[in-house]
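*Asks:* File structure.json follows (JSON, C-alpha atoms):
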[["chain", "number", "residue", "atom", "x", "y", "z"],
["A", 16, "MET", "CA", -43.40, -43.62, 159.09],
["A", 17, "GLY", "CA", -45.56, -41.76, 156.55],
["A", 18, "PRO", "CA", -44.99, -38.38, 154.87],
["A", 19, "ARG", "CA", -43.78, -35.52, 157.03],
["A", 20, "SER", "CA", -46.03, -32.52, 157.54],
["A", 21, "ALA", "CA", -45.04, -29.01, 156.50],
["A", 22, "VAL", "CA", -44.81, -28.07, 160.21],
["A", 23, "GLU", "CA", -42.35, -30.89, 160.85],
["A", 24, "LYS", "CA", -40.17, -29.96, 157.86],
["A", 25, "THR", "CA", -40.16, -26.27, 158.81],
["A", 26, "LEU", "CA", -39.33, -27.08, 162.43],
["A", 27, "GLY", "CA", -36.50, -29.37, 161.31],
["A", 28, "ILE", "CA", -34.96, -26.72, 159.07],
["A", 29, "LEU", "CA", -35.32, -24.00, 161.73],
["A", 30, "ALA", "CA", -33.86, -26.29, 164.45],
["A", 31, "VAL", "CA", -30.79, -27.21, 162.41],
["A", 32, "THR", "CA", -30.20, -23.63, 161.24],
["A", 33, "THR", "CA", -30.44, -22.10, 164.72],
["A", 34, "MET", "CA", -28.26, -24.88, 166.20],
["A", 35, "VAL", "CA", -25.54, -24.20, 163.60],
["A", 36, "VAL", "CA", -25.73, -20.40, 164.13],
["A", 37, "GLY", "CA", -25.92, -20.80, 167.94],
["A", 38, "SER", "CA", -22.86, -23.08, 168.05],
["A", 39, "TRP", "CA", -20.92, -20.82, 165.69],
["A", 40, "VAL", "CA", -21.68, -17.73, 167.82],
["A", 41, "GLY", "CA", -20.87, -19.61, 171.04],
["A", 42, "LEU", "CA", -17.58, -21.00, 169.71],
["A", 43, "VAL", "CA", -16.32, -18.23, 167.44],
["A", 44, "VAL", "CA", -18.08, -14.87, 167.78],
["A", 45, "VAL", "CA", -18.53, -14.25, 171.50],
["A", 46, "PRO", "CA", -15.25, -13.57, 173.40],
["A", 47, "ALA", "CA", -13.92, -16.01, 176.00],
["A", 48, "ASP", "CA", -15.01, -15.45, 179.60],
["A", 49, "ALA", "CA", -12.58, -13.26, 181.57],
["A", 50, "ALA", "CA", -12.49, -15.59, 184.59],
["A", 51, "GLN", "CA", -12.94, -19.11, 183.19],
["A", 52, "GLY", "CA", -11.52, -18.70, 179.68],
["A", 53, "ASN", "CA", -12.72, -20.79, 176.74],
["A", 54, "VAL", "CA", -14.13, -23.68, 178.76],
["A", 55, "GLN", "CA", -17.02, -21.36, 179.71],
["A", 56, "ARG", "CA", -18.21, -21.80, 176.09],
["A", 57, "LEU", "CA", -19.71, -25.09, 177.28],
["A", 58, "MET", "CA", -22.32, -22.98, 179.09],
["A", 59, "TYR", "CA", -24.02, -22.25, 175.73],
["A", 60, "VAL", "CA", -24.98, -25.92, 175.40],
["A", 61, "HIS", "CA", -25.03, -27.04, 179.06],
["A", 62, "VAL", "CA", -27.54, -24.46, 180.34],
["A", 63, "PRO", "CA", -30.03, -24.75, 177.40],
["A", 64, "ALA", "CA", -29.90, -28.57, 177.68],
["A", 65, "ALA", "CA", -30.76, -28.31, 181.41],
["A", 66, "TRP", "CA", -33.59, -25.80, 180.80],
["A", 67, "LEU", "CA", -35.06, -27.98, 178.07],
["A", 68, "ALA", "CA", -34.91, -31.02, 180.36],
["A", 69, "PHE", "CA", -36.91, -28.99, 182.93],
["A", 70, "LEU", "CA", -39.39, -27.91, 180.24],
["A", 71, "ALA", "CA", -39.76, -31.50, 179.00],
["A", 72, "PHE", "CA", -40.52, -32.75, 182.52],
["A", 73, "PHE", "CA", -42.94, -29.85, 183.09],
["A", 74, "ILE", "CA", -44.83, -31.00, 179.97],
["A", 75, "VAL", "CA", -44.85, -34.56, 181.42],
["A", 76, "PHE", "CA", -46.34, -33.13, 184.65],
["A", 77, "VAL", "CA", -49.06, -31.16, 182.82],
["A", 78, "MET", "CA", -49.94, -34.11, 180.55],
["A", 79, "SER", "CA", -50.03, -36.46, 183.56],
["A", 80, "VAL", "CA", -52.47, -34.19, 185.40],
["A", 81, "LEU", "CA", -54.62, -33.89, 182.26],
["A", 82, "TYR", "CA", -54.60, -37.66, 181.80],
["A", 83, "LEU", "CA", -55.63, -38.30, 185.42],
["A", 84, "ILE", "CA", -58.55, -35.86, 185.01],
["A", 85, "GLN", "CA", -59.74, -36.76, 181.50],
["A", 86, "ARG", "CA", -58.33, -40.30, 180.90],
["A", 87, "ASP", "CA", -57.58, -39.35, 177.30],
["A", 88, "PRO", "CA", -54.75, -41.51, 175.85],
["A", 89, "ARG", "CA", -53.52, -38.56, 173.77],
["A", 90, "TRP", "CA", -52.21, -36.86, 176.95],
["A", 91, "ASP", "CA", -50.39, -40.06, 177.88],
["A", 92, "ARG", "CA", -48.72, -40.20, 174.46],
["A", 93, "VAL", "CA", -47.56, -36.57, 174.66],
["A", 94, "GLY", "CA", -46.31, -37.05, 178.25],
["A", 95, "ALA", "CA", -44.36, -40.21, 177.42],
["A", 96, "SER", "CA", -42.83, -38.55, 174.35],
["A", 97, "SER", "CA", -41.71, -35.56, 176.40],
["A", 98, "ALA", "CA", -40.25, -37.83, 179.13],
["A", 99, "GLU", "CA", -38.08, -39.67, 176.61],
["A", 100, "ILE", "CA", -36.73, -36.42, 175.13],
["A", 101, "GLY", "CA", -36.24, -35.01, 178.65],
["A", 102, "VAL", "CA", -34.07, -38.01, 179.52],
["A", 103, "VAL", "CA", -31.88, -37.34, 176.45],
["A", 104, "PHE", "CA", -31.46, -33.68, 177.51],
["A", 105, "THR", "CA", -30.71, -34.67, 181.12],
["A", 106, "VAL", "CA", -27.98, -37.12, 180.03],
["A", 107, "VAL", "CA", -26.47, -34.39, 177.81],
["A", 108, "THR", "CA", -26.68, -31.90, 180.73],
["A", 109, "LEU", "CA", -24.90, -34.27, 183.13],
["A", 110, "LEU", "CA", -22.14, -35.20, 180.66],
["A", 111, "LEU", "CA", -21.55, -31.54, 179.72],
["A", 112, "GLY", "CA", -21.44, -30.65, 183.41],
["A", 113, "MET", "CA", -18.78, -33.31, 183.94],
["A", 114, "LEU", "CA", -16.72, -31.96, 181.02],
["A", 115, "TRP", "CA", -17.01, -28.45, 182.45],
["A", 116, "GLY", "CA", -16.37, -29.62, 186.01],
["A", 117, "LYS", "CA", -13.02, -31.32, 185.38],
["A", 118, "PRO", "CA", -11.04, -28.21, 184.30],
["A", 119, "THR", "CA", -12.97, -25.92, 186.70],
["A", 120, "TRP", "CA", -13.28, -28.00, 189.90],
["A", 121, "GLY", "CA", -10.59, -30.60, 189.20],
["A", 122, "VAL", "CA", -13.03, -33.54, 189.16],
["A", 123, "TYR", "CA", -15.54, -34.94, 186.68],
["A", 124, "TRP", "CA", -18.01, -35.84, 189.41],
["A", 125, "THR", "CA", -18.63, -34.96, 193.03],
["A", 126, "TRP", "CA", -21.66, -35.63, 195.24],
["A", 127, "ASP", "CA", -22.59, -31.96, 195.17],
["A", 128, "PRO", "CA", -26.31, -31.17, 195.80],
["A", 129, "ARG", "CA", -26.93, -29.89, 192.24],
["A", 130, "LEU", "CA", -25.23, -32.90, 190.64],
["A", 131, "THR", "CA", -26.83, -35.41, 192.99],
["A", 132, "THR", "CA", -30.38, -34.04, 192.58],
["A", 133, "THR", "CA", -29.90, -34.00, 188.78],
["A", 134, "ALA", "CA", -28.75, -37.64, 188.86],
["A", 135, "ILE", "CA", -31.89, -38.46, 190.91],
["A", 136, "LEU", "CA", -33.98, -36.60, 188.31],
["A", 137, "LEU", "CA", -32.50, -38.79, 185.59],
["A", 138, "ALA", "CA", -33.18, -41.94, 187.63],
["A", 139, "ILE", "CA", -36.84, -40.90, 188.16],
["A", 140, "TYR", "CA", -37.56, -40.44, 184.46],
["A", 141, "VAL", "CA", -35.58, -43.53, 183.39],
["A", 142, "GLY", "CA", -37.81, -45.31, 185.92],
["A", 143, "TYR", "CA", -40.88, -43.68, 184.32],
["A", 144, "LEU", "CA", -39.85, -45.08, 180.92],
["A", 145, "ALA", "CA", -39.00, -48.51, 182.40],
["A", 146, "LEU", "CA", -42.40, -48.63, 184.11],
["A", 147, "ARG", "CA", -44.09, -48.07, 180.75],
["A", 148, "SER", "CA", -42.31, -51.05, 179.25],
["A", 149, "PHE", "CA", -43.45, -53.33, 182.13],
["A", 150, "ALA", "CA", -47.20, -52.72, 181.85],
["A", 151, "ASP", "CA", -49.06, -54.44, 179.00],
["A", 152, "ASP", "CA", -52.47, -52.94, 179.66],
["A", 153, "GLU", "CA", -52.71, -49.52, 178.00],
["A", 154, "GLU", "CA", -54.97, -47.93, 180.60],
["A", 155, "LYS", "CA", -52.97, -49.24, 183.56],
["A", 156, "ARG", "CA", -49.67, -48.13, 181.96],
["A", 157, "ALA", "CA", -51.01, -44.62, 181.33],
["A", 158, "ARG", "CA", -52.38, -44.32, 184.88],
["A", 159, "TRP", "CA", -49.17, -45.52, 186.58],
["A", 160, "SER", "CA", -47.04, -43.29, 184.34],
["A", 161, "ALA", "CA", -49.23, -40.28, 185.09],
["A", 162, "ILE", "CA", -48.82, -40.84, 188.85],
["A", 163, "VAL", "CA", -45.01, -41.04, 188.46],
["A", 164, "GLY", "CA", -45.12, -38.02, 186.14],
["A", 165, "VAL", "CA", -46.84, -35.95, 188.84],
["A", 166, "ILE", "CA", -44.77, -37.16, 191.82],
["A", 167, "GLY", "CA", -41.48, -37.14, 189.87],
["A", 168, "PHE", "CA", -41.86, -33.48, 188.95],
["A", 169, "VAL", "CA", -41.44, -32.53, 192.63],
["A", 170, "ASN", "CA", -37.70, -33.04, 192.09],
["A", 171, "VAL", "CA", -37.45, -30.38, 189.33],
["A", 172, "PRO", "CA", -37.79, -27.33, 191.66],
["A", 173, "ILE", "CA", -35.49, -29.12, 194.13],
["A", 174, "VAL", "CA", -32.80, -29.39, 191.40],
["A", 175, "TYR", "CA", -33.28, -25.70, 190.53],
["A", 176, "MET", "CA", -33.18, -24.51, 194.14],
["A", 177, "SER", "CA", -30.39, -26.88, 195.26],
["A", 178, "VAL", "CA", -27.71, -24.24, 194.63],
["A", 179, "THR", "CA", -29.58, -21.79, 196.89],
["A", 180, "TRP", "CA", -30.68, -24.17, 199.64],
["A", 181, "TRP", "CA", -27.37, -26.02, 200.17],
["A", 182, "ARG", "CA", -23.68, -25.21, 200.14],
["A", 183, "THR", "CA", -22.51, -26.27, 196.71],
["A", 184, "LEU", "CA", -19.62, -26.13, 194.25],
["A", 185, "HIS", "CA", -22.04, -25.33, 191.44],
["A", 186, "GLN", "CA", -22.52, -21.64, 190.65],
["A", 187, "PRO", "CA", -25.83, -20.04, 191.72],
["A", 188, "PRO", "CA", -28.49, -19.26, 189.09],
["A", 189, "SER", "CA", -27.48, -16.37, 186.81],
["A", 190, "SER", "CA", -29.77, -13.44, 186.03],
["A", 191, "PRO", "CA", -29.67, -10.92, 183.15],
["A", 192, "ARG", "CA", -28.14, -8.41, 185.59],
["A", 193, "SER", "CA", -25.28, -10.75, 186.59],
["A", 194, "VAL", "CA", -24.29, -11.78, 183.03],
["A", 195, "ALA", "CA", -22.50, -9.71, 180.37],
["A", 196, "PRO", "CA", -24.76, -8.78, 177.38],
["A", 197, "ASP", "CA", -22.63, -10.80, 174.90],
["A", 198, "ILE", "CA", -22.95, -13.92, 177.03],
["A", 199, "LEU", "CA", -26.66, -13.33, 177.65],
["A", 200, "TRP", "CA", -27.73, -13.00, 174.01],
["A", 201, "THR", "CA", -25.58, -15.97, 172.97],
["A", 202, "LEU", "CA", -27.24, -18.00, 175.71],
["A", 203, "MET", "CA", -30.70, -16.85, 174.57],
["A", 204, "LEU", "CA", -29.88, -17.73, 170.95],
["A", 205, "ASN", "CA", -28.83, -21.24, 171.96],
["A", 206, "LEU", "CA", -31.88, -21.57, 174.20],
["A", 207, "ALA", "CA", -34.06, -20.77, 171.15],
["A", 208, "ALA", "CA", -32.13, -23.37, 169.12],
["A", 209, "PHE", "CA", -32.60, -26.07, 171.77],
["A", 210, "THR", "CA", -36.31, -25.19, 172.11],
["A", 211, "LEU", "CA", -36.76, -25.66, 168.35],
["A", 212, "VAL", "CA", -34.89, -28.99, 168.53],
["A", 213, "TYR", "CA", -37.19, -30.07, 171.38],
["A", 214, "ALA", "CA", -40.30, -29.05, 169.39],
["A", 215, "TYR", "CA", -39.07, -30.92, 166.32],
["A", 216, "LEU", "CA", -38.25, -34.07, 168.29],
["A", 217, "MET", "CA", -41.64, -33.87, 170.05],
["A", 218, "VAL", "CA", -43.54, -33.75, 166.75],
["A", 219, "ARG", "CA", -41.61, -36.79, 165.52],
["A", 220, "ARG", "CA", -41.88, -38.71, 168.81],
["A", 221, "ILE", "CA", -45.64, -38.11, 169.10],
["A", 222, "ARG", "CA", -46.10, -39.39, 165.54],
["A", 223, "LEU", "CA", -44.14, -42.52, 166.50],
["A", 224, "ALA", "CA", -46.22, -42.93, 169.67],
["A", 225, "LYS", "CA", -49.44, -42.87, 167.59],
["A", 226, "LEU", "CA", -48.00, -45.54, 165.32],
["A", 227, "GLU", "CA", -46.94, -47.67, 168.30],
["A", 228, "GLY", "CA", -50.49, -47.38, 169.68],
["A", 229, "GLU", "CA", -51.88, -48.51, 166.33],
["A", 230, "LEU", "CA", -49.54, -51.51, 166.28],
["A", 231, "GLU", "CA", -50.50, -52.44, 169.84],
["A", 232, "LYS", "CA", -54.22, -52.36, 168.91],
["A", 233, "ARG", "CA", -53.67, -54.58, 165.88],
["A", 234, "MET", "CA", -51.56, -57.05, 167.87],
["A", 235, "ALA", "CA", -54.27, -57.23, 170.54],
["A", 236, "TYR", "CA", -56.97, -57.72, 167.88],
["A", 237, "ASN", "CA", -55.02, -60.55, 166.23],
["A", 238, "ALA", "CA", -54.07, -62.25, 169.52],
["B", 25, "MET", "CA", -30.58, -44.36, 154.92],
["B", 26, "ARG", "CA", -28.75, -42.31, 152.29],
["B", 27, "LYS", "CA", -29.88, -39.16, 154.11],
["B", 28, "TRP", "CA", -28.28, -40.40, 157.35],
["B", 29, "SER", "CA", -25.04, -41.30, 155.55],
["B", 30, "VAL", "CA", -24.85, -37.70, 154.31],
["B", 31, "ILE", "CA", -25.66, -36.37, 157.81],
["B", 32, "SER", "CA", -22.91, -38.59, 159.33],
["B", 33, "VAL", "CA", -20.36, -37.24, 156.84],
["B", 34, "ILE", "CA", -21.42, -33.63, 157.61],
["B", 35, "TYR", "CA", -21.12, -34.37, 161.35],
["B", 36, "ILE", "CA", -17.60, -35.78, 160.96],
["B", 37, "VAL", "CA", -16.54, -32.80, 158.79],
["B", 38, "ALA", "CA", -17.98, -30.43, 161.45],
["B", 39, "LEU", "CA", -15.92, -32.24, 164.13],
["B", 40, "ILE", "CA", -12.74, -31.93, 162.05],
["B", 41, "LEU", "CA", -13.42, -28.20, 161.50],
["B", 42, "LEU", "CA", -14.10, -27.74, 165.21],
["B", 43, "TRP", "CA", -10.85, -29.50, 166.14],
["B", 44, "VAL", "CA", -8.84, -27.42, 163.64],
["B", 45, "TYR", "CA", -10.53, -24.18, 164.77],
["B", 46, "THR", "CA", -9.94, -24.81, 168.48],
["B", 47, "GLY", "CA", -6.29, -25.59, 167.66],
["B", 48, "ARG", "CA", -5.77, -22.47, 165.55],
["B", 49, "ALA", "CA", -7.48, -20.30, 168.16],
["B", 50, "GLU", "CA", -5.09, -21.86, 170.73],
["B", 51, "MET", "CA", -7.97, -22.49, 173.12],
["B", 52, "GLU", "CA", -6.98, -23.68, 176.54],
["B", 53, "ASN", "CA", -8.95, -26.78, 177.61],
["B", 54, "ARG", "CA", -9.53, -27.39, 173.90],
["B", 55, "GLY", "CA", -10.34, -31.09, 174.42],
["B", 56, "PHE", "CA", -13.18, -30.31, 176.87],
["B", 57, "VAL", "CA", -14.76, -27.70, 174.58],
["B", 58, "PHE", "CA", -14.45, -30.03, 171.59],
["B", 59, "ALA", "CA", -15.87, -33.02, 173.49],
["B", 60, "GLY", "CA", -18.79, -30.96, 174.82],
["B", 61, "TYR", "CA", -19.98, -29.70, 171.44],
["B", 62, "ALA", "CA", -19.28, -33.06, 169.72],
["B", 63, "LEU", "CA", -21.31, -34.83, 172.41],
["B", 64, "THR", "CA", -24.24, -32.40, 172.16],
["B", 65, "TRP", "CA", -24.53, -32.53, 168.36],
["B", 66, "GLY", "CA", -23.90, -36.29, 168.34],
["B", 67, "ALA", "CA", -26.52, -37.09, 171.00],
["B", 68, "LEU", "CA", -29.24, -35.03, 169.27],
["B", 69, "LEU", "CA", -28.46, -36.50, 165.84],
["B", 70, "TRP", "CA", -28.36, -40.03, 167.28],
["B", 71, "TYR", "CA", -31.77, -39.55, 168.92],
["B", 72, "ALA", "CA", -33.30, -38.13, 165.70],
["B", 73, "PHE", "CA", -31.87, -41.12, 163.82],
["B", 74, "ARG", "CA", -33.29, -43.54, 166.40],
["B", 75, "LEU", "CA", -36.75, -41.96, 166.08],
["B", 76, "GLU", "CA", -36.65, -42.37, 162.33],
["B", 77, "SER", "CA", -35.47, -46.00, 162.39],
["B", 78, "ARG", "CA", -37.99, -46.92, 165.12],
["B", 79, "GLY", "CA", -40.71, -45.22, 163.07],
["B", 80, "ARG", "CA", -39.79, -47.18, 159.96],
["B", 81, "ALA", "CA", -39.74, -50.50, 161.84],
["B", 82, "THR", "CA", -43.10, -49.79, 163.52],
["B", 83, "ALA", "CA", -44.69, -48.71, 160.22],
["B", 84, "ARG", "CA", -43.49, -51.97, 158.61],
["B", 85, "ALA", "CA", -44.99, -53.98, 161.47],
["B", 86, "VAL", "CA", -48.35, -52.14, 161.12],
["B", 87, "GLU", "CA", -48.31, -52.77, 157.36],
["B", 88, "SER", "CA", -47.60, -56.47, 157.88],
["B", 89, "PHE", "CA", -50.88, -56.72, 159.86],
["B", 90, "GLU", "CA", -52.71, -54.96, 157.03],
["B", 91, "VAL", "CA", -51.31, -57.46, 154.48],
["B", 92, "ALA", "CA", -52.19, -60.40, 156.76],
["B", 93, "GLY", "CA", -55.71, -58.96, 157.22],
["B", 94, "ALA", "CA", -56.20, -58.55, 153.45],
["B", 95, "GLY", "CA", -55.32, -62.23, 152.92],
["B", 96, "ASP", "CA", -57.97, -63.46, 155.37]]
Could I get this structure in the form of structure tokens?
*Replies:*
Amino acid sequence: MGPRSAVEKTLGILAVTTMVVGSWVGLVVVPADAAQGNVQRLMYVHVPAAWLAFLAFFIVFVMSVLYLIQRDPRWDRVGASSAEIGVVFTVVTLLLGMLWGKPTWGVYWTWDPRLTTTAILLAIYVGYLALRSFADDEEKRARWSAIVGVIGFVNVPIVYMSVTWWRTLHQPPSSPRSVAPDILWTLMLNLAAFTLVYAYLMVRRIRLAKLEGELEKRMAYNA
Amino acid sequence: MRKWSVISVIYIVALILLWVYTGRAEMENRGFVFAGYALTWGALLWYAFRLESRGRATARAVESFEVAGAGD
């Protein structure tokens, strides 16, 4: 795929290092939660994965708006790259939630508002990616994706607010005042690690998207 | 591919260490904690691997057009 840039290498090293340190702190250093015990350690990966999924879909939204205004294919490439990574983070979030839910609630899955709206979020962005594979025309694909990217984002605040708007098994959003300092800084460390992983994957995915665009052009030229 | 073989070995060693540590620390719900971290690391490594292999395949396909073009 061509030589990696210094930015990509640095991001890769930083992402791996902070992930290792974040996991070590979350598993070994910080004490177990007084109420939930050790299973609460899943929070240090579950919550950052969910936040990064939200960030990824926010980037899709911004890129979609920019594409609809400027019709620049670069915004489409960045949006599509972010959507794919957002789907990976959403799947991880849902699976981690299920692993945390079983010992805490007694079930892996329940049609709770937070879980249901997150599953809908996943379906929307899997649909976004499926839509891209259906359309052959580059301009049409980018336009349709941008429309889904804007409309689909409506569900993100619904997922976030679901624990406030409806009666739910899921705990309400935590704030720095409601969380012990040890838990808070461990969470922030892991959030930084996941953000670096997202940035690294984005750089790589955008590079792949450029290459895919190049291939598409050559195939069209030779057809 | 050699790089990914090394990464796979490191991942497996990390899982063994995690399993041993959670056992020694006598963590309750050890299996859930283990599965959660194993899944997170595994999913991110798998996606990074997929990006690299897709990139290599796409680059080869682009190059094949260049070679075909040079022969014309």
*Asks:* At a cut-off of 10 Å, using all atoms listed in the file, what residues contact Met51 (chain B)? Leave out same-chain residues fewer than 4 positions from it and give the result as a list in words.
*Replies:* Ala47, Gly52, Asn53 and Val54 of chain A; Tyr45, Thr46, Gly47, Gly55 and Val57 of chain B
*Asks:* With all atoms listed in the file considered, list every residue of chain B at most 6 Å from chain A, as an mmCIF file with C-alpha atoms, in the coordinates of the input.
*Replies:*
data_model
loop_
_atom_site.group_PDB
_atom_site.id
_atom_site.type_symbol
_atom_site.label_atom_id
_atom_site.label_comp_id
_atom_site.auth_asym_id
_atom_site.auth_seq_id
_atom_site.Cartn_x
_atom_site.Cartn_y
_atom_site.Cartn_z
ATOM 1 C CA PHE B 56 -13.180 -30.310 176.870
ATOM 2 C CA VAL B 57 -14.760 -27.700 174.580
ATOM 3 C CA GLY B 60 -18.790 -30.960 174.820
ATOM 4 C CA GLY B 79 -40.710 -45.220 163.070
ATOM 5 C CA ARG B 80 -39.790 -47.180 159.960
ATOM 6 C CA ALA B 83 -44.690 -48.710 160.220
ATOM 7 C CA VAL B 86 -48.350 -52.140 161.120
#
*Asks:* Do you have the CA of Arg48 (chain B)-CA of Val30 (chain B) distance handy?
*Replies:*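 These two atoms are separated by 26.9 Å.
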*Asks:* So which residues touch Leu26 (chain A) within 8 Å, counting only C-alpha atoms, skipping near sequence neighbours fewer than 2 positions away, as a PyMOL selection string?
*Replies:* chain A and resi 22-24+28-30+211-212+214-215
*Asks:* Would you compute the box with edges along x, y and z of the file around region 21-27 of chain A, including every atom the file lists for it and 3 Å extra on each side, and give its centre and edge lengths in Å to one decimal, as lines of an AutoDock Vina configuration file?
*Replies:*
center_x = -40.8
center_y = -28.6
center_z = 159.5
size_x = 14.5
size_y = 10.6
size_z = 11.9
*Asks:* Work out how far apart CA of Met78 (chain A) and CA of Ser97 (chain A) are and give it in Å to one decimal.
*Replies:* 9.3 Å
*Asks:* Could you add N, CA and C atoms to region 66-91 of chain B and give me the result as a tab-separated table (two decimals), in the coordinates of the input?
*Replies:*
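Final output, part.tsv:
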chain	number	residue	atom	x	y	z
B	66	GLY	N	-23.81	-34.84	168.57
B	66	GLY	CA	-23.90	-36.29	168.34
B	66	GLY	C	-25.12	-36.91	169.02
B	67	ALA	N	-25.39	-36.51	170.25
B	67	ALA	CA	-26.52	-37.09	171.00
B	67	ALA	C	-27.85	-36.72	170.33
B	68	LEU	N	-27.98	-35.46	169.89
B	68	LEU	CA	-29.24	-35.03	169.27
B	68	LEU	C	-29.44	-35.70	167.90
B	69	LEU	N	-28.35	-35.82	167.14
B	69	LEU	CA	-28.46	-36.50	165.84
B	69	LEU	C	-28.77	-37.98	166.03
B	70	TRP	N	-28.12	-38.60	167.01
B	70	TRP	CA	-28.36	-40.03	167.28
B	70	TRP	C	-29.84	-40.25	167.66
B	71	TYR	N	-30.38	-39.37	168.50
B	71	TYR	CA	-31.77	-39.55	168.92
B	71	TYR	C	-32.73	-39.35	167.74
B	72	ALA	N	-32.45	-38.35	166.89
B	72	ALA	CA	-33.30	-38.13	165.70
B	72	ALA	C	-33.23	-39.35	164.78
B	73	PHE	N	-32.03	-39.92	164.65
B	73	PHE	CA	-31.87	-41.12	163.82
B	73	PHE	C	-32.67	-42.29	164.41
B	74	ARG	N	-32.58	-42.45	165.72
B	74	ARG	CA	-33.29	-43.54	166.40
B	74	ARG	C	-34.80	-43.40	166.20
B	75	LEU	N	-35.31	-42.19	166.29
B	75	LEU	CA	-36.75	-41.96	166.08
B	75	LEU	C	-37.15	-42.38	164.67
B	76	GLU	N	-36.31	-42.03	163.71
B	76	GLU	CA	-36.65	-42.37	162.33
B	76	GLU	C	-36.61	-43.88	162.11
B	77	SER	N	-35.57	-44.55	162.63
B	77	SER	CA	-35.47	-46.00	162.39
B	77	SER	C	-36.56	-46.76	163.16
B	78	ARG	N	-36.89	-46.29	164.38
B	78	ARG	CA	-37.99	-46.92	165.12
B	78	ARG	C	-39.31	-46.71	164.39
B	79	GLY	N	-39.49	-45.53	163.83
B	79	GLY	CA	-40.71	-45.22	163.07
B	79	GLY	C	-40.86	-46.12	161.87
B	80	ARG	N	-39.75	-46.32	161.16
B	80	ARG	CA	-39.79	-47.18	159.96
B	80	ARG	C	-40.15	-48.61	160.34
B	81	ALA	N	-39.50	-49.12	161.40
B	81	ALA	CA	-39.74	-50.50	161.84
B	81	ALA	C	-41.19	-50.68	162.29
B	82	THR	N	-41.72	-49.70	163.03
B	82	THR	CA	-43.10	-49.79	163.52
B	82	THR	C	-44.08	-49.72	162.35
B	83	ALA	N	-43.81	-48.83	161.39
B	83	ALA	CA	-44.69	-48.71	160.22
B	83	ALA	C	-44.71	-50.03	159.44
B	84	ARG	N	-43.55	-50.67	159.32
B	84	ARG	CA	-43.49	-51.97	158.61
B	84	ARG	C	-44.34	-53.01	159.33
B	85	ALA	N	-44.23	-53.00	160.68
B	85	ALA	CA	-44.99	-53.98	161.47
B	85	ALA	C	-46.50	-53.74	161.32
B	86	VAL	N	-46.92	-52.46	161.31
B	86	VAL	CA	-48.35	-52.14	161.12
B	86	VAL	C	-48.81	-52.62	159.74
B	87	GLU	N	-47.97	-52.35	158.73
B	87	GLU	CA	-48.31	-52.77	157.36
B	87	GLU	C	-48.43	-54.28	157.25
B	88	SER	N	-47.56	-55.01	157.96
B	88	SER	CA	-47.60	-56.47	157.88
B	88	SER	C	-48.94	-57.00	158.39
B	89	PHE	N	-49.55	-56.32	159.37
B	89	PHE	CA	-50.88	-56.72	159.86
B	89	PHE	C	-51.93	-56.44	158.79
B	90	GLU	N	-51.75	-55.31	158.09
B	90	GLU	CA	-52.71	-54.96	157.03
B	90	GLU	C	-52.69	-56.00	155.93
B	91	VAL	N	-51.46	-56.45	155.53
B	91	VAL	CA	-51.31	-57.46	154.48
B	91	VAL	C	-51.93	-58.78	154.93
